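**Student:** The following block contains the structure, expressed as structure tokens.
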Amino acid sequence: MSNITINPRSDALFGFDDDSFAYQKAIDHGLRPGLGIDLDTAFGSDMFGEMHALFNQQRAAMRNRRFRGEVDAPAPILVDDVLRAATVNGARAAGLETSIGTLTPGKQADIIMLRTNGVAVFPVSNAIGTIVQAVERSDVDTVMVAGRLRKRRGKFDRRRC
């Protein structure tokens with residue numbers, strides 16, 4: 001399986017994408033693209049922003065293709081596919097799928113716990129949908145990397161790194 005990442009915000013910024021959409025092209029070729037961040041200085045390593053962008057851009061591109069009369073245009077992306085691109089597929093694209101990407105015995109225990117009591121993420125009727133469409137970096141409460149606590153109650157603890 002070839003490894004590929006899609007960077008929705010920077011691709012759109014630089015006009016690298018057309019209405020066929022890079023993520024969709026990869027899917028159409030049988031690939032399982034990971035989600036990346038290509039321009040850290042502009043987008044600040046915000047994977048939630050990339051998930052929001054992928055979800056909205058792919059759906060808009062596919063709706064546009066259907067609007068123009070393309071009857072076999074691909075279906076709009078699902079939130080599960082976006083989360084998979086940001087986690088499992090991203091780990092594979094980085095060559096780290098045996099260590100990270102899923103909560104599996106024997107893998108590194110990387111866990112992010114999110115606050116869901118903010119007005120921007122209310123109501124939480126679908127956990128994956130909420131993560132993909134509404135959660136932002138400020139909603140990250142707790143982070144564990146390799147089983148070690150790095151952030152708790154929204155505060156980064158330099159002593160634990």
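Just remember, in the structure tokens the first chain shown is A, the second B, etc., residues are 1-based per chain, and ligands are 1-based in the order shown.
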If we count only C-alpha atoms and set the cut-off at 12 Å, which residues sit around region 107-115 of chain A, ignoring sequence neighbours fewer than 2 positions away in its own chain? Please answer as a short mmCIF file (atom, residue, chain, number, x, y, z; two decimals) with N, CA, C and O atoms, in the first residue's frame.
**Tutor:**
data_model
loop_
_atom_site.label_atom_id
_atom_site.label_comp_id
_atom_site.auth_asym_id
_atom_site.auth_seq_id
_atom_site.Cartn_x
_atom_site.Cartn_y
_atom_site.Cartn_z
N PHE A 48 -7.27 19.47 14.09
CA PHE A 48 -8.72 19.66 14.09
C PHE A 48 -9.13 20.55 12.92
O PHE A 48 -10.12 20.29 12.25
N THR A 87 -5.95 9.66 12.01
CA THR A 87 -5.36 8.76 13.01
C THR A 87 -4.67 7.57 12.36
O THR A 87 -3.47 7.60 12.11
N ALA A 91 -0.88 7.56 10.77
CA ALA A 91 0.18 6.75 11.36
C ALA A 91 0.85 5.88 10.30
O ALA A 91 2.07 5.75 10.26
N LEU A 96 4.48 4.60 11.03
CA LEU A 96 4.41 4.33 12.46
C LEU A 96 3.19 3.50 12.85
O LEU A 96 2.83 3.43 14.02
N GLU A 97 2.54 2.84 11.89
CA GLU A 97 1.29 2.14 12.18
C GLU A 97 1.46 1.00 13.18
O GLU A 97 0.48 0.62 13.83
N THR A 98 2.66 0.46 13.37
CA THR A 98 2.83 -0.60 14.36
C THR A 98 2.97 -0.04 15.77
O THR A 98 2.89 -0.78 16.74
N SER A 99 3.17 1.29 15.88
CA SER A 99 3.36 1.92 17.19
C SER A 99 2.20 2.79 17.63
O SER A 99 1.91 2.89 18.82
N ILE A 100 1.57 3.48 16.68
CA ILE A 100 0.53 4.46 17.02
C ILE A 100 -0.63 4.35 16.04
O ILE A 100 -0.59 3.59 15.09
N GLY A 101 -1.67 5.13 16.27
CA GLY A 101 -2.79 5.23 15.35
C GLY A 101 -4.06 4.57 15.84
O GLY A 101 -5.15 4.96 15.44
N THR A 102 -3.92 3.56 16.68
CA THR A 102 -5.08 2.90 17.29
C THR A 102 -4.74 2.57 18.73
O THR A 102 -3.57 2.45 19.09
N LEU A 103 -5.77 2.40 19.55
CA LEU A 103 -5.57 1.94 20.92
C LEU A 103 -5.60 0.42 20.89
O LEU A 103 -6.66 -0.20 20.91
N THR A 104 -4.42 -0.16 20.80
CA THR A 104 -4.25 -1.59 20.65
C THR A 104 -3.18 -2.07 21.62
O THR A 104 -2.15 -1.42 21.75
N PRO A 105 -3.39 -3.20 22.30
CA PRO A 105 -2.35 -3.73 23.18
C PRO A 105 -1.02 -3.87 22.44
O PRO A 105 -0.98 -4.34 21.30
N ASN A 117 -18.03 20.20 26.94
CA ASN A 117 -19.02 21.05 27.60
C ASN A 117 -19.02 22.48 27.08
O ASN A 117 -19.78 23.31 27.55
N GLY A 118 -18.21 22.78 26.08
CA GLY A 118 -18.17 24.12 25.51
C GLY A 118 -19.35 24.36 24.58
O GLY A 118 -19.89 23.43 23.98
N VAL A 119 -19.71 25.61 24.43
CA VAL A 119 -20.85 25.94 23.60
C VAL A 119 -20.62 25.57 22.14
O VAL A 119 -21.56 25.22 21.42
N ALA A 120 -19.38 25.58 21.68
CA ALA A 120 -19.09 25.26 20.28
C ALA A 120 -19.28 23.79 19.95
O ALA A 120 -19.43 23.44 18.79
N VAL A 121 -19.28 22.92 20.94
CA VAL A 121 -19.41 21.49 20.67
C VAL A 121 -20.73 20.93 21.21
O VAL A 121 -20.89 19.73 21.34
N PHE A 122 -21.67 21.78 21.49
CA PHE A 122 -22.95 21.34 22.05
C PHE A 122 -24.01 21.33 20.96
O PHE A 122 -24.05 22.26 20.17
N VAL A 124 -23.60 17.17 21.91
CA VAL A 124 -22.76 16.06 21.49
C VAL A 124 -23.67 14.85 21.29
O VAL A 124 -23.89 14.05 22.19
N ALA A 127 -20.28 11.39 18.77
CA ALA A 127 -18.93 11.71 19.22
C ALA A 127 -17.98 11.96 18.06
O ALA A 127 -17.25 12.97 18.05
N ILE A 128 -17.96 11.10 17.06
CA ILE A 128 -17.04 11.27 15.94
C ILE A 128 -17.42 12.51 15.14
O ILE A 128 -16.55 13.30 14.75
N THR A 130 -18.83 15.17 16.23
CA THR A 130 -18.44 16.33 17.03
C THR A 130 -16.95 16.59 16.91
O THR A 130 -16.52 17.74 16.73
N ILE A 131 -16.13 15.55 16.97
CA ILE A 131 -14.68 15.70 16.85
C ILE A 131 -14.32 16.27 15.48
O ILE A 131 -13.54 17.21 15.37
N ALA A 134 -16.59 19.99 15.01
CA ALA A 134 -16.73 21.09 15.97
C ALA A 134 -15.54 21.28 16.91
O ALA A 134 -15.22 22.42 17.25
N VAL A 135 -14.90 20.23 17.33
CA VAL A 135 -13.84 20.33 18.34
C VAL A 135 -12.66 21.13 17.78
O VAL A 135 -12.33 21.03 16.61
N GLU A 136 -12.05 21.90 18.66
CA GLU A 136 -10.86 22.68 18.32
C GLU A 136 -9.76 22.39 19.33
O GLU A 136 -9.99 21.75 20.35
N ARG A 137 -8.56 22.90 19.07
CA ARG A 137 -7.43 22.66 19.98
C ARG A 137 -7.74 23.09 21.40
O ARG A 137 -7.30 22.45 22.35
N SER A 138 -8.49 24.15 21.56
CA SER A 138 -8.80 24.65 22.91
C SER A 138 -9.67 23.67 23.69
O SER A 138 -9.79 23.79 24.91
N ASP A 139 -10.27 22.69 23.03
CA ASP A 139 -11.10 21.69 23.69
C ASP A 139 -10.30 20.50 24.20
O ASP A 139 -10.86 19.60 24.84
N VAL A 140 -9.00 20.46 23.93
CA VAL A 140 -8.16 19.36 24.40
C VAL A 140 -7.92 19.55 25.89
O VAL A 140 -7.35 20.54 26.32
N ASP A 141 -8.35 18.57 26.68
CA ASP A 141 -8.20 18.63 28.13
C ASP A 141 -6.97 17.89 28.60
O ASP A 141 -6.18 18.41 29.38
N THR A 142 -6.78 16.66 28.14
CA THR A 142 -5.72 15.79 28.64
C THR A 142 -5.03 15.11 27.47
O THR A 142 -5.68 14.70 26.51
N VAL A 143 -3.71 15.00 27.57
CA VAL A 143 -2.92 14.32 26.54
C VAL A 143 -1.96 13.36 27.22
O VAL A 143 -1.24 13.74 28.15
N MET A 144 -1.96 12.13 26.72
CA MET A 144 -0.98 11.13 27.15
C MET A 144 -0.20 10.70 25.91
O MET A 144 -0.79 10.43 24.87
N VAL A 145 1.13 10.66 26.04
CA VAL A 145 1.99 10.19 24.97
C VAL A 145 2.82 9.04 25.53
O VAL A 145 3.49 9.20 26.55
N ALA A 146 2.74 7.90 24.86
CA ALA A 146 3.43 6.69 25.32
C ALA A 146 3.06 6.37 26.77
O ALA A 146 3.90 5.93 27.55
N GLY A 147 1.82 6.63 27.12
CA GLY A 147 1.34 6.34 28.46
C GLY A 147 1.72 7.35 29.52
O GLY A 147 1.38 7.19 30.69
N ARG A 148 2.44 8.41 29.13
CA ARG A 148 2.86 9.44 30.09
C ARG A 148 2.00 10.68 29.92
O ARG A 148 1.79 11.18 28.82
N LEU A 149 1.51 11.19 31.03
CA LEU A 149 0.67 12.38 31.04
C LEU A 149 1.50 13.60 30.63
O LEU A 149 2.55 13.86 31.21
N ARG A 150 1.03 14.33 29.61
CA ARG A 150 1.73 15.52 29.13
C ARG A 150 0.93 16.79 29.35
O ARG A 150 1.49 17.88 29.46
N LYS A 151 -0.38 16.65 29.36
CA LYS A 151 -1.27 17.80 29.55
C LYS A 151 -2.44 17.31 30.38
O LYS A 151 -2.95 16.21 30.16
N ARG A 152 -2.86 18.14 31.32
CA ARG A 152 -3.99 17.77 32.18
C ARG A 152 -4.79 19.00 32.52
O ARG A 152 -4.23 20.05 32.82
N ARG A 153 -6.13 18.86 32.46
CA ARG A 153 -7.05 19.96 32.72
C ARG A 153 -6.73 21.18 31.85
O ARG A 153 -6.79 22.32 32.31
N GLY A 154 -6.30 20.93 30.62
CA GLY A 154 -6.01 22.00 29.69
C GLY A 154 -4.68 22.67 29.86
O GLY A 154 -4.35 23.62 29.14
#
**Student:** Pull the closest atom pair for each residue of region 62-98 of chain A that gets at most 10 Å from region 25-35 of chain A, along with the distance in Å to one decimal, counting only C-alpha atoms, ordering rows by chain and then ascending residue number, as JSON lines.
**Tutor:**
{"residue": "A:Pro74", "atom": "CA", "partner": "A:Asp28", "partner_atom": "CA", "distance": 8.7}
{"residue": "A:Asp81", "atom": "CA", "partner": "A:Arg32", "partner_atom": "CA", "distance": 9.5}
{"residue": "A:Val82", "atom": "CA", "partner": "A:Leu35", "partner_atom": "CA", "distance": 8.1}
{"residue": "A:Leu83", "atom": "CA", "partner": "A:Leu35", "partner_atom": "CA", "distance": 9.0}
{"residue": "A:Arg84", "atom": "CA", "partner": "A:Gly34", "partner_atom": "CA", "distance": 7.8}
{"residue": "A:Ala85", "atom": "CA", "partner": "A:Gly34", "partner_atom": "CA", "distance": 4.4}
{"residue": "A:Ala86", "atom": "CA", "partner": "A:Leu35", "partner_atom": "CA", "distance": 4.9}
{"residue": "A:Thr87", "atom": "CA", "partner": "A:Gly34", "partner_atom": "CA", "distance": 7.6}
{"residue": "A:Val88", "atom": "CA", "partner": "A:Gly34", "partner_atom": "CA", "distance": 7.6}
{"residue": "A:Asn89", "atom": "CA", "partner": "A:Gly34", "partner_atom": "CA", "distance": 4.4}
{"residue": "A:Gly90", "atom": "CA", "partner": "A:Gly34", "partner_atom": "CA", "distance": 4.0}
{"residue": "A:Ala91", "atom": "CA", "partner": "A:Gly34", "partner_atom": "CA", "distance": 7.5}
{"residue": "A:Arg92", "atom": "CA", "partner": "A:Gly34", "partner_atom": "CA", "distance": 7.6}
{"residue": "A:Ala93", "atom": "CA", "partner": "A:Gly34", "partner_atom": "CA", "distance": 6.0}
{"residue": "A:Ala94", "atom": "CA", "partner": "A:Gly34", "partner_atom": "CA", "distance": 8.6}
**Student:** What is the distance between CA of Gly69 (chain A) and CA of Phe21 (chain A), in Å to one decimal?
**Tutor:** 16.9 Å
**Student:** Just asking: which residues within region 15-145 of chain A are alpha helix (DSSP H) according to DSSP, as a ChimeraX atom specification?
**Tutor:** /A:22-28,40-43,47-67,79-86,88-93,127-133
**Student:** Name the residues of region 1-150 of chain A that come out as strand (DSSP E or B) in a backbone DSSP run; write them as a list of chain:residue names.
**Tutor:**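 Residues meeting the strand (DSSP E or B) criterion: A:Thr5, A:Ile6, A:Gly34, A:Leu35, A:Ile111, A:Ile112, A:Met113, A:Leu114, A:Val140, A:Asp141, A:Thr142, A:Val143, A:Met144, A:Val145, A:Arg148, A:Leu149, A:Arg150.
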**Student:** Keeping all heavy atoms, export the residues of the selection given above as a CSV table (one decimal), in the first residue's frame.
**Tutor:**
chain,number,residue,atom,x,y,z
A,5,THR,N,-0.3,11.6,2.0
A,5,THR,CA,-1.0,12.5,2.9
A,5,THR,C,-1.6,13.6,2.1
A,5,THR,O,-1.1,13.9,1.0
A,5,THR,CB,-0.1,13.1,4.0
A,5,THR,OG1,0.9,13.9,3.3
A,5,THR,CG2,0.5,12.1,4.9
A,6,ILE,N,-2.8,14.0,2.6
A,6,ILE,CA,-3.5,15.1,2.0
A,6,ILE,C,-3.4,16.3,3.0
A,6,ILE,O,-3.6,16.1,4.2
A,6,ILE,CB,-4.9,14.7,1.7
A,6,ILE,CG1,-5.0,13.5,0.8
A,6,ILE,CG2,-5.7,15.9,1.1
A,6,ILE,CD1,-4.3,13.6,-0.6
A,34,GLY,N,-3.6,9.6,4.5
A,34,GLY,CA,-3.6,10.2,5.8
A,34,GLY,C,-3.8,11.7,5.7
A,34,GLY,O,-3.7,12.3,4.6
A,35,LEU,N,-4.0,12.3,6.8
A,35,LEU,CA,-4.3,13.8,6.9
A,35,LEU,C,-3.0,14.4,7.4
A,35,LEU,O,-2.4,14.0,8.4
A,35,LEU,CB,-5.4,14.0,7.8
A,35,LEU,CG,-6.1,15.4,7.7
A,35,LEU,CD1,-6.5,15.7,6.3
A,35,LEU,CD2,-7.3,15.4,8.7
A,111,ILE,N,-3.1,9.1,23.9
A,111,ILE,CA,-4.6,9.4,24.1
A,111,ILE,C,-4.8,10.9,24.3
A,111,ILE,O,-4.0,11.6,24.9
A,111,ILE,CB,-5.0,8.7,25.4
A,111,ILE,CG1,-4.8,7.2,25.3
A,111,ILE,CG2,-6.5,9.0,25.7
A,111,ILE,CD1,-5.1,6.4,26.6
A,112,ILE,N,-5.8,11.3,23.6
A,112,ILE,CA,-6.2,12.7,23.7
A,112,ILE,C,-7.7,12.7,24.3
A,112,ILE,O,-8.5,12.1,23.7
A,112,ILE,CB,-6.2,13.5,22.4
A,112,ILE,CG1,-4.8,13.5,21.9
A,112,ILE,CG2,-6.8,14.9,22.6
A,112,ILE,CD1,-4.7,14.1,20.5
A,113,MET,N,-7.9,13.4,25.4
A,113,MET,CA,-9.2,13.5,26.0
A,113,MET,C,-9.7,14.9,25.7
A,113,MET,O,-9.0,15.9,25.9
A,113,MET,CB,-9.2,13.2,27.5
A,113,MET,CG,-8.8,11.8,27.8
A,113,MET,SD,-8.8,11.6,29.6
A,113,MET,CE,-7.6,10.3,29.7
A,114,LEU,N,-11.0,15.0,25.3
A,114,LEU,CA,-11.5,16.3,24.8
A,114,LEU,C,-12.6,16.7,25.8
A,114,LEU,O,-13.4,15.9,26.3
A,114,LEU,CB,-12.1,16.2,23.4
A,114,LEU,CG,-11.1,15.7,22.4
A,114,LEU,CD1,-11.8,15.3,21.1
A,114,LEU,CD2,-10.1,16.7,22.1
A,140,VAL,N,-9.0,20.5,23.9
A,140,VAL,CA,-8.2,19.4,24.4
A,140,VAL,C,-7.9,19.5,25.9
A,140,VAL,O,-7.4,20.5,26.3
A,140,VAL,CB,-6.8,19.3,23.6
A,140,VAL,CG1,-5.9,18.2,24.2
A,140,VAL,CG2,-7.1,19.0,22.1
A,141,ASP,N,-8.3,18.6,26.7
A,141,ASP,CA,-8.2,18.6,28.1
A,141,ASP,C,-7.0,17.9,28.6
A,141,ASP,O,-6.2,18.4,29.4
A,141,ASP,CB,-9.4,18.0,28.8
A,141,ASP,CG,-9.3,18.1,30.3
A,141,ASP,OD1,-9.7,19.2,30.9
A,141,ASP,OD2,-8.9,17.1,30.9
A,142,THR,N,-6.8,16.7,28.1
A,142,THR,CA,-5.7,15.8,28.6
A,142,THR,C,-5.0,15.1,27.5
A,142,THR,O,-5.7,14.7,26.5
A,142,THR,CB,-6.3,14.7,29.6
A,142,THR,OG1,-7.0,15.4,30.7
A,142,THR,CG2,-5.2,13.8,30.2
A,143,VAL,N,-3.7,15.0,27.6
A,143,VAL,CA,-2.9,14.3,26.5
A,143,VAL,C,-2.0,13.4,27.2
A,143,VAL,O,-1.2,13.7,28.1
A,143,VAL,CB,-2.1,15.3,25.7
A,143,VAL,CG1,-1.2,14.6,24.7
A,143,VAL,CG2,-3.0,16.3,25.0
A,144,MET,N,-2.0,12.1,26.7
A,144,MET,CA,-1.0,11.1,27.1
A,144,MET,C,-0.2,10.7,25.9
A,144,MET,O,-0.8,10.4,24.9
A,144,MET,CB,-1.7,9.9,27.8
A,144,MET,CG,-2.3,10.2,29.1
A,144,MET,SD,-3.1,8.7,29.8
A,144,MET,CE,-1.7,7.8,30.2
A,145,VAL,N,1.1,10.7,26.0
A,145,VAL,CA,2.0,10.2,25.0
A,145,VAL,C,2.8,9.0,25.5
A,145,VAL,O,3.5,9.2,26.6
A,145,VAL,CB,2.9,11.3,24.5
A,145,VAL,CG1,3.9,10.8,23.4
A,145,VAL,CG2,2.1,12.5,23.9
A,148,ARG,N,2.4,8.4,29.1
A,148,ARG,CA,2.9,9.4,30.1
A,148,ARG,C,2.0,10.7,29.9
A,148,ARG,O,1.8,11.2,28.8
A,148,ARG,CB,4.3,9.8,29.9
A,148,ARG,CG,5.3,8.6,30.2
A,148,ARG,CD,6.7,9.0,30.0
A,148,ARG,NE,7.0,10.1,30.9
A,148,ARG,CZ,8.1,10.9,30.6
A,148,ARG,NH1,8.8,10.8,29.6
A,148,ARG,NH2,8.3,11.9,31.4
A,149,LEU,N,1.5,11.2,31.0
A,149,LEU,CA,0.7,12.4,31.0
A,149,LEU,C,1.5,13.6,30.6
A,149,LEU,O,2.6,13.9,31.2
A,149,LEU,CB,0.1,12.6,32.5
A,149,LEU,CG,-1.1,13.4,32.6
A,149,LEU,CD1,-2.3,12.9,31.8
A,149,LEU,CD2,-1.5,13.5,34.1
A,150,ARG,N,1.0,14.3,29.6
A,150,ARG,CA,1.7,15.5,29.1
A,150,ARG,C,0.9,16.8,29.4
A,150,ARG,O,1.5,17.9,29.5
A,150,ARG,CB,2.0,15.4,27.6
A,150,ARG,CG,2.8,14.2,27.2
A,150,ARG,CD,4.2,14.1,27.9
A,150,ARG,NE,4.9,13.0,27.5
A,150,ARG,CZ,6.2,13.0,27.3
A,150,ARG,NH1,6.9,14.0,27.5
A,150,ARG,NH2,6.8,11.8,27.0
**Student:** Report the distance between CA of Gln133 (chain A) and CA of Ser45 (chain A) in Å, rounded to one decimal place.
**Tutor:**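 Atom-to-atom, CA of Gln133 (chain A) to CA of Ser45 (chain A), that is 17.0 Å.
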**Student:** Distance CA of Thr41 (chain A)-CA of Phe14 (chain A), one decimal place?
**Tutor:**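 Taking CA of Thr41 (chain A) and CA of Phe14 (chain A), their separation equals 14.2 Å.
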